[in-house]
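**Student:** Please read through the structure below; I'll follow up with questions.
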Amino acid sequence: PVTSASAPQAASMARDPIPARARMLQQLMAEGIQDPLVLRAMGAVDRHHFVDGALVPQAYEDTALPIGLGQTISKPSVVARMTELLLQGGLRGADGRLGRVLDIGTGCGYQAVVLAQLATEVYSIERLRELHEKARANLRPLRLATVHLILGDGMVGFAKGAPYAGIIAAAGGEAVPEAWIDQLAHGGRIVAPVAVAGGQQALMVIDKSHQGVQQTILEAVNFVPLKSGLA
Ligand code: SAH
């Protein structure tokens with residue numbers, strides 16, 4: 001049952017035809033996701049369309065799930081957290097939406113479709129052909145003209161779409177590639193996992209302005225490795 005009936009997202013949750021998704025939104029709010037635009041975006045995307053049949057019953061649980069080739073769809077709380085960080089620090093138009101964003105590591109395409117709710121254009125790049133094709137198939141029925149799926153090495157970014165209002169990565173390396181910072185607009189933000197001491201990984205936020213580049217390390221995370229080259 002929805003307790004805070006005054007919140008607009010609570011009202012829309014109550015009408016959610018998918019109870020598991022409504023529970024997911026409640027859990028996201030309980031974990032501190034506050035931005036109504038992010039909650040609305042998470043509520044608008046059918047996560048169960050992005051996982052294999054046997055995993056559909058788990059699609060709205062707060063857990064990462066396998067998508068093939070040893071890769072995973074990130075858990076909803078991490079997708080929401082990173083999306084919120086990107087939206088709050090990225091470059092936004094008068095309508096509150098982000099401009100062009102770059103999504104590194106398309107995987108099954110879920111994050112790209114969440115971003116499509118919040119940005120004018122989404123460029124999403126994947127290095128594994130099989131997953132790139134899977135994302136294409138997942139997105140086809142959605143007919144999202146603003147999402148561009150690219151087969152390529154995201155380590156070098158995607159210069160054709162630059163400068164980006166925001167860049168988000170679902171794979172982590174030793175450092176954030178210089179190309180991403182170069183392709184980020186002034187006033188834009190990068191949200192990406194990066195290696196920290198002790199073999200751990202943490203979320204890094206990079207804000208770029210005319211004054212320079214500011215890096216902030218946040219909580220520990222656990223993403224697949226960022227790898228170079230196509231496969
Ligand atoms: N955002 C995805 C998460 C997929 S997991 C989703 O919503 O499903 C991260 C993905 O990053 C994997 O598919 C992996 O193949 C990809 N990846 C790793 N290194 C990459 C690189 N250099 N360029 C593009 N994709 C990369």
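Residues are referred to by chain and number: the chain letter is A, B, ... according to the order shown in the structure tokens, the number counts from 1 in that chain, and ligands are numbered separately from 1 in the order shown.
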Run DSSP on the backbone and give me the residues of range 61-102 of chain A it puts in helix (DSSP H, G or I), as a ChimeraX atom specification.

**Tutor:** /A:76-89

**Student:** So that I have them on file, write out the residues from the current selection with N, CA, C and O atoms, as a PDB file, in the first residue's frame.

**Tutor:**
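Output file part-v6.pdb is given in full below:
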ATOM      1  N   PRO A  76      18.663  -2.613 -10.215  1.00  0.00           N
ATOM      2  CA  PRO A  76      17.898  -1.374 -10.369  1.00  0.00           C
ATOM      3  C   PRO A  76      18.388  -0.236  -9.464  1.00  0.00           C
ATOM      4  O   PRO A  76      18.418   0.922  -9.899  1.00  0.00           O
ATOM      5  N   SER A  77      18.780  -0.545  -8.233  1.00  0.00           N
ATOM      6  CA  SER A  77      19.197   0.541  -7.343  1.00  0.00           C
ATOM      7  C   SER A  77      20.461   1.224  -7.844  1.00  0.00           C
ATOM      8  O   SER A  77      20.646   2.429  -7.656  1.00  0.00           O
ATOM      9  N   VAL A  78      21.323   0.462  -8.522  1.00  0.00           N
ATOM     10  CA  VAL A  78      22.552   1.057  -9.058  1.00  0.00           C
ATOM     11  C   VAL A  78      22.248   1.860 -10.328  1.00  0.00           C
ATOM     12  O   VAL A  78      22.775   2.958 -10.523  1.00  0.00           O
ATOM     13  N   VAL A  79      21.369   1.326 -11.169  1.00  0.00           N
ATOM     14  CA  VAL A  79      20.949   2.075 -12.361  1.00  0.00           C
ATOM     15  C   VAL A  79      20.312   3.402 -11.935  1.00  0.00           C
ATOM     16  O   VAL A  79      20.635   4.472 -12.470  1.00  0.00           O
ATOM     17  N   ALA A  80      19.426   3.340 -10.946  1.00  0.00           N
ATOM     18  CA  ALA A  80      18.731   4.545 -10.488  1.00  0.00           C
ATOM     19  C   ALA A  80      19.704   5.536  -9.850  1.00  0.00           C
ATOM     20  O   ALA A  80      19.638   6.741 -10.113  1.00  0.00           O
ATOM     21  N   ARG A  81      20.612   5.033  -9.036  1.00  0.00           N
ATOM     22  CA  ARG A  81      21.597   5.891  -8.364  1.00  0.00           C
ATOM     23  C   ARG A  81      22.476   6.611  -9.386  1.00  0.00           C
ATOM     24  O   ARG A  81      22.677   7.820  -9.316  1.00  0.00           O
ATOM     25  N   MET A  82      22.978   5.867 -10.370  1.00  0.00           N
ATOM     26  CA  MET A  82      23.856   6.478 -11.369  1.00  0.00           C
ATOM     27  C   MET A  82      23.088   7.448 -12.257  1.00  0.00           C
ATOM     28  O   MET A  82      23.600   8.507 -12.624  1.00  0.00           O
ATOM     29  N   THR A  83      21.856   7.085 -12.581  1.00  0.00           N
ATOM     30  CA  THR A  83      21.028   7.961 -13.408  1.00  0.00           C
ATOM     31  C   THR A  83      20.731   9.262 -12.658  1.00  0.00           C
ATOM     32  O   THR A  83      20.770  10.349 -13.232  1.00  0.00           O
ATOM     33  N   GLU A  84      20.468   9.139 -11.368  1.00  0.00           N
ATOM     34  CA  GLU A  84      20.190  10.334 -10.560  1.00  0.00           C
ATOM     35  C   GLU A  84      21.427  11.234 -10.483  1.00  0.00           C
ATOM     36  O   GLU A  84      21.331  12.455 -10.621  1.00  0.00           O
ATOM     37  N   LEU A  85      22.586  10.613 -10.282  1.00  0.00           N
ATOM     38  CA  LEU A  85      23.833  11.397 -10.246  1.00  0.00           C
ATOM     39  C   LEU A  85      24.051  12.113 -11.576  1.00  0.00           C
ATOM     40  O   LEU A  85      24.477  13.264 -11.614  1.00  0.00           O
ATOM     41  N   LEU A  86      23.777  11.411 -12.676  1.00  0.00           N
ATOM     42  CA  LEU A  86      23.984  12.001 -14.005  1.00  0.00           C
ATOM     43  C   LEU A  86      23.019  13.167 -14.235  1.00  0.00           C
ATOM     44  O   LEU A  86      23.411  14.238 -14.693  1.00  0.00           O
ATOM     45  N   LEU A  87      21.764  12.941 -13.868  1.00  0.00           N
ATOM     46  CA  LEU A  87      20.741  13.968 -14.104  1.00  0.00           C
ATOM     47  C   LEU A  87      21.026  15.210 -13.250  1.00  0.00           C
ATOM     48  O   LEU A  87      20.908  16.336 -13.714  1.00  0.00           O
ATOM     49  N   GLN A  88      21.421  14.983 -12.006  1.00  0.00           N
ATOM     50  CA  GLN A  88      21.612  16.114 -11.098  1.00  0.00           C
ATOM     51  C   GLN A  88      22.852  16.933 -11.429  1.00  0.00           C
ATOM     52  O   GLN A  88      22.913  18.118 -11.129  1.00  0.00           O
ATOM     53  N   GLY A  89      23.853  16.292 -12.049  1.00  0.00           N
ATOM     54  CA  GLY A  89      25.085  17.028 -12.340  1.00  0.00           C
ATOM     55  C   GLY A  89      25.317  17.272 -13.813  1.00  0.00           C
ATOM     56  O   GLY A  89      26.243  17.973 -14.185  1.00  0.00           O
TER      57      GLY A  89
END

**Student:** Could you list, as a short mmCIF file (atom, residue, chain, number, x, y, z; two decimals) with N, CA and C atoms, in the first residue's frame, all the residues within 7 Å of ligand 1, counting only C-alpha atoms and all ligand atoms?

**Tutor:**
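So the final result, stored in pocket10.cif, reads:
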data_model
loop_
_atom_site.label_atom_id
_atom_site.label_comp_id
_atom_site.auth_asym_id
_atom_site.auth_seq_id
_atom_site.Cartn_x
_atom_site.Cartn_y
_atom_site.Cartn_z
N GLN A 71 28.19 -11.21 -18.95
CA GLN A 71 27.86 -9.82 -18.57
C GLN A 71 26.55 -9.80 -17.79
N THR A 72 26.29 -8.67 -17.13
CA THR A 72 25.08 -8.58 -16.31
C THR A 72 24.35 -7.25 -16.54
N ILE A 73 23.04 -7.31 -16.36
CA ILE A 73 22.25 -6.07 -16.26
C ILE A 73 22.40 -5.62 -14.81
N SER A 74 22.77 -4.37 -14.61
CA SER A 74 23.02 -3.85 -13.27
C SER A 74 21.74 -3.88 -12.44
N ILE A 104 28.14 3.90 -21.95
CA ILE A 104 29.21 2.96 -22.28
C ILE A 104 28.84 1.57 -21.76
N GLY A 105 28.78 0.59 -22.64
CA GLY A 105 28.42 -0.77 -22.24
C GLY A 105 26.91 -0.97 -22.33
N THR A 106 26.40 -1.05 -23.57
CA THR A 106 24.95 -1.16 -23.80
C THR A 106 24.35 -2.38 -23.11
N GLY A 107 25.10 -3.51 -23.15
CA GLY A 107 24.57 -4.76 -22.60
C GLY A 107 23.23 -5.08 -23.24
N CYS A 108 22.21 -5.26 -22.42
CA CYS A 108 20.88 -5.59 -22.96
C CYS A 108 20.11 -4.34 -23.37
N GLY A 109 20.63 -3.16 -23.06
CA GLY A 109 19.99 -1.92 -23.49
C GLY A 109 19.11 -1.26 -22.45
N TYR A 110 19.02 -1.85 -21.27
CA TYR A 110 18.10 -1.32 -20.26
C TYR A 110 18.46 0.12 -19.83
N GLN A 111 19.73 0.31 -19.47
CA GLN A 111 20.14 1.65 -19.03
C GLN A 111 19.91 2.68 -20.12
N ALA A 112 20.17 2.30 -21.35
CA ALA A 112 19.98 3.23 -22.48
C ALA A 112 18.51 3.67 -22.57
N ILE A 125 27.08 2.47 -26.59
CA ILE A 125 28.11 1.72 -27.30
C ILE A 125 28.43 0.41 -26.58
N GLU A 126 28.58 -0.64 -27.36
CA GLU A 126 28.87 -1.97 -26.81
C GLU A 126 29.96 -2.62 -27.66
N ARG A 127 30.90 -3.32 -27.00
CA ARG A 127 32.02 -3.93 -27.74
C ARG A 127 31.74 -5.37 -28.16
N LEU A 128 30.74 -6.02 -27.54
CA LEU A 128 30.42 -7.41 -27.88
C LEU A 128 29.26 -7.44 -28.89
N LEU A 131 25.86 -8.95 -27.85
CA LEU A 131 25.04 -8.14 -26.96
C LEU A 131 24.48 -6.91 -27.68
N GLY A 152 31.13 -0.81 -30.96
CA GLY A 152 32.43 -0.17 -30.96
C GLY A 152 33.10 -0.26 -29.61
N ASP A 153 34.32 0.24 -29.56
CA ASP A 153 35.07 0.25 -28.31
C ASP A 153 34.82 1.56 -27.56
N GLY A 154 34.05 1.45 -26.51
CA GLY A 154 33.70 2.63 -25.72
C GLY A 154 34.86 3.26 -24.98
N MET A 155 36.00 2.58 -24.93
CA MET A 155 37.18 3.17 -24.28
C MET A 155 37.58 4.48 -24.95
N ALA A 170 28.92 1.35 -17.54
CA ALA A 170 28.53 0.16 -16.78
C ALA A 170 29.66 -0.85 -16.72
N ALA A 171 30.88 -0.40 -17.03
CA ALA A 171 32.05 -1.26 -16.94
C ALA A 171 33.19 -0.39 -16.40
N VAL A 224 31.36 -5.16 -14.17
CA VAL A 224 32.24 -5.96 -15.02
C VAL A 224 33.38 -5.07 -15.53
N PRO A 225 34.50 -5.71 -15.94
CA PRO A 225 35.65 -4.90 -16.39
C PRO A 225 35.42 -4.19 -17.72
N LEU A 226 35.97 -3.01 -17.83
CA LEU A 226 36.03 -2.26 -19.07
C LEU A 226 37.17 -2.86 -19.89
N LYS A 227 36.86 -3.31 -21.10
CA LYS A 227 37.88 -3.96 -21.92
C LYS A 227 38.01 -3.24 -23.25
N SER A 228 39.21 -3.27 -23.82
CA SER A 228 39.37 -2.58 -25.11
C SER A 228 39.14 -3.54 -26.27
N GLY A 229 38.87 -3.00 -27.41
CA GLY A 229 38.70 -3.78 -28.64
C GLY A 229 37.32 -4.39 -28.77
#

**Student:** Between A:Ala162, A:Val176, A:Val156, A:Ala30, which is the closest to Leu203 in chain A once you count only C-alpha atoms?

**Tutor:**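 Counting only C-alpha atoms, the residue closest to Leu203 in chain A is A:Val176.
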
**Student:** In Å, how far is it from CA of Ala220 in chain A to CA of Glu31 in chain A?

**Tutor:**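 Here the two named atoms are 15.2 Å from each other.
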
**Student:** I'd like to know which of A:Lys208, A:Ala197, A:Ala20, A:Ala135 is closest to Gly68 in chain A, using only C-alpha atoms.

**Tutor:**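 Nearest candidate to Gly68 in chain A out of A:Lys208, A:Ala197, A:Ala20, A:Ala135: A:Ala135.
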
**Student:** Neighbours of Tyr60 in chain A within 7 Å (only C-alpha atoms; same-chain residues fewer than 3 positions away dropped), as a PyMOL selection string?

**Tutor:** chain A and resi 20-21+24+47

**Student:** What does the file look like for those residues with all heavy atoms, as a PDB file, in the first residue's frame?

**Tutor:**
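Now in result.pdb:
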ATOM      1  N   ALA A  20       5.161  -5.923  -9.211  1.00  0.00           N
ATOM      2  CA  ALA A  20       6.574  -6.074  -8.871  1.00  0.00           C
ATOM      3  C   ALA A  20       7.338  -4.789  -9.152  1.00  0.00           C
ATOM      4  O   ALA A  20       8.266  -4.424  -8.424  1.00  0.00           O
ATOM      5  CB  ALA A  20       7.187  -7.240  -9.641  1.00  0.00           C
ATOM      6  N   ARG A  21       6.921  -4.094 -10.209  1.00  0.00           N
ATOM      7  CA  ARG A  21       7.606  -2.839 -10.542  1.00  0.00           C
ATOM      8  C   ARG A  21       7.270  -1.745  -9.522  1.00  0.00           C
ATOM      9  O   ARG A  21       8.109  -0.932  -9.162  1.00  0.00           O
ATOM     10  CB  ARG A  21       7.227  -2.402 -11.959  1.00  0.00           C
ATOM     11  CG  ARG A  21       8.028  -1.212 -12.429  1.00  0.00           C
ATOM     12  CD  ARG A  21       7.902  -1.017 -13.909  1.00  0.00           C
ATOM     13  NE  ARG A  21       6.535  -0.748 -14.297  1.00  0.00           N
ATOM     14  CZ  ARG A  21       6.097  -0.745 -15.554  1.00  0.00           C
ATOM     15  NH1 ARG A  21       6.924  -1.012 -16.539  1.00  0.00           N
ATOM     16  NH2 ARG A  21       4.846  -0.489 -15.822  1.00  0.00           N
ATOM     17  N   MET A  24       9.432  -2.341  -6.688  1.00  0.00           N
ATOM     18  CA  MET A  24      10.791  -1.892  -6.999  1.00  0.00           C
ATOM     19  C   MET A  24      10.918  -0.389  -6.761  1.00  0.00           C
ATOM     20  O   MET A  24      11.890   0.077  -6.159  1.00  0.00           O
ATOM     21  CB  MET A  24      11.139  -2.227  -8.458  1.00  0.00           C
ATOM     22  CG  MET A  24      12.519  -1.742  -8.877  1.00  0.00           C
ATOM     23  SD  MET A  24      12.825  -1.892 -10.673  1.00  0.00           S
ATOM     24  CE  MET A  24      12.028  -0.393 -11.277  1.00  0.00           C
ATOM     25  N   ARG A  47      11.523  -3.607 -17.234  1.00  0.00           N
ATOM     26  CA  ARG A  47      12.801  -4.311 -17.066  1.00  0.00           C
ATOM     27  C   ARG A  47      12.680  -5.774 -17.477  1.00  0.00           C
ATOM     28  O   ARG A  47      13.637  -6.375 -17.928  1.00  0.00           O
ATOM     29  CB  ARG A  47      13.276  -4.178 -15.601  1.00  0.00           C
ATOM     30  CG  ARG A  47      14.762  -4.497 -15.395  1.00  0.00           C
ATOM     31  CD  ARG A  47      15.219  -4.001 -14.025  1.00  0.00           C
ATOM     32  NE  ARG A  47      16.649  -4.147 -13.832  1.00  0.00           N
ATOM     33  CZ  ARG A  47      17.232  -5.219 -13.286  1.00  0.00           C
ATOM     34  NH1 ARG A  47      16.489  -6.221 -12.874  1.00  0.00           N
ATOM     35  NH2 ARG A  47      18.532  -5.281 -13.140  1.00  0.00           N
TER      36      ARG A  47
END

**Student:** Would you list, as a ChimeraX atom specification, the residues of range 138-176 of chain A that end up in strand (DSSP E or B) under DSSP run on this structure's backbone?

**Tutor:** /A:147-151,164-169,171-173

**Student:** Excluding Arg129 in chain A and residues on its chain fewer than 3 positions from it, collect all residues at most 7 Å away from it, counting only C-alpha atoms, and give them as a list in words.

**Tutor:**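 Everything that qualifies: His132, Glu133, Leu151 and Ala231 of chain A.
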
**Student:** Please dump the current selection as a PDB file, in the first residue's frame; keep all heavy atoms.

**Tutor:**
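Contents of the output file part-v3.pdb:
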ATOM      1  N   HIS A 132      25.288  -6.339 -28.546  1.00  0.00           N
ATOM      2  CA  HIS A 132      24.817  -5.217 -29.371  1.00  0.00           C
ATOM      3  C   HIS A 132      23.570  -5.647 -30.162  1.00  0.00           C
ATOM      4  O   HIS A 132      22.565  -4.915 -30.198  1.00  0.00           O
ATOM      5  CB  HIS A 132      25.952  -4.783 -30.306  1.00  0.00           C
ATOM      6  CG  HIS A 132      25.542  -3.850 -31.390  1.00  0.00           C
ATOM      7  ND1 HIS A 132      25.273  -2.509 -31.172  1.00  0.00           N
ATOM      8  CD2 HIS A 132      25.331  -4.063 -32.724  1.00  0.00           C
ATOM      9  CE1 HIS A 132      24.919  -1.957 -32.328  1.00  0.00           C
ATOM     10  NE2 HIS A 132      24.953  -2.869 -33.266  1.00  0.00           N
ATOM     11  N   GLU A 133      23.635  -6.860 -30.743  1.00  0.00           N
ATOM     12  CA  GLU A 133      22.488  -7.370 -31.516  1.00  0.00           C
ATOM     13  C   GLU A 133      21.294  -7.636 -30.597  1.00  0.00           C
ATOM     14  O   GLU A 133      20.142  -7.392 -30.958  1.00  0.00           O
ATOM     15  CB  GLU A 133      22.856  -8.667 -32.261  1.00  0.00           C
ATOM     16  CG  GLU A 133      23.998  -8.538 -33.271  1.00  0.00           C
ATOM     17  CD  GLU A 133      23.660  -7.627 -34.458  1.00  0.00           C
ATOM     18  OE1 GLU A 133      22.474  -7.316 -34.640  1.00  0.00           O
ATOM     19  OE2 GLU A 133      24.605  -7.226 -35.170  1.00  0.00           O
ATOM     20  N   LEU A 151      28.082  -0.396 -32.281  1.00  0.00           N
ATOM     21  CA  LEU A 151      29.030  -1.465 -31.999  1.00  0.00           C
ATOM     22  C   LEU A 151      30.415  -0.838 -32.079  1.00  0.00           C
ATOM     23  O   LEU A 151      30.824  -0.355 -33.137  1.00  0.00           O
ATOM     24  CB  LEU A 151      28.887  -2.587 -33.041  1.00  0.00           C
ATOM     25  CG  LEU A 151      29.875  -3.739 -32.902  1.00  0.00           C
ATOM     26  CD1 LEU A 151      29.643  -4.518 -31.615  1.00  0.00           C
ATOM     27  CD2 LEU A 151      29.788  -4.676 -34.108  1.00  0.00           C
ATOM     28  N   ALA A 231      34.683  -7.614 -29.872  1.00  0.00           N
ATOM     29  CA  ALA A 231      34.665  -9.089 -29.825  1.00  0.00           C
ATOM     30  C   ALA A 231      33.291  -9.578 -30.245  1.00  0.00           C
ATOM     31  O   ALA A 231      32.332  -8.834 -30.224  1.00  0.00           O
ATOM     32  CB  ALA A 231      35.000  -9.594 -28.439  1.00  0.00           C
TER      33      ALA A 231
END
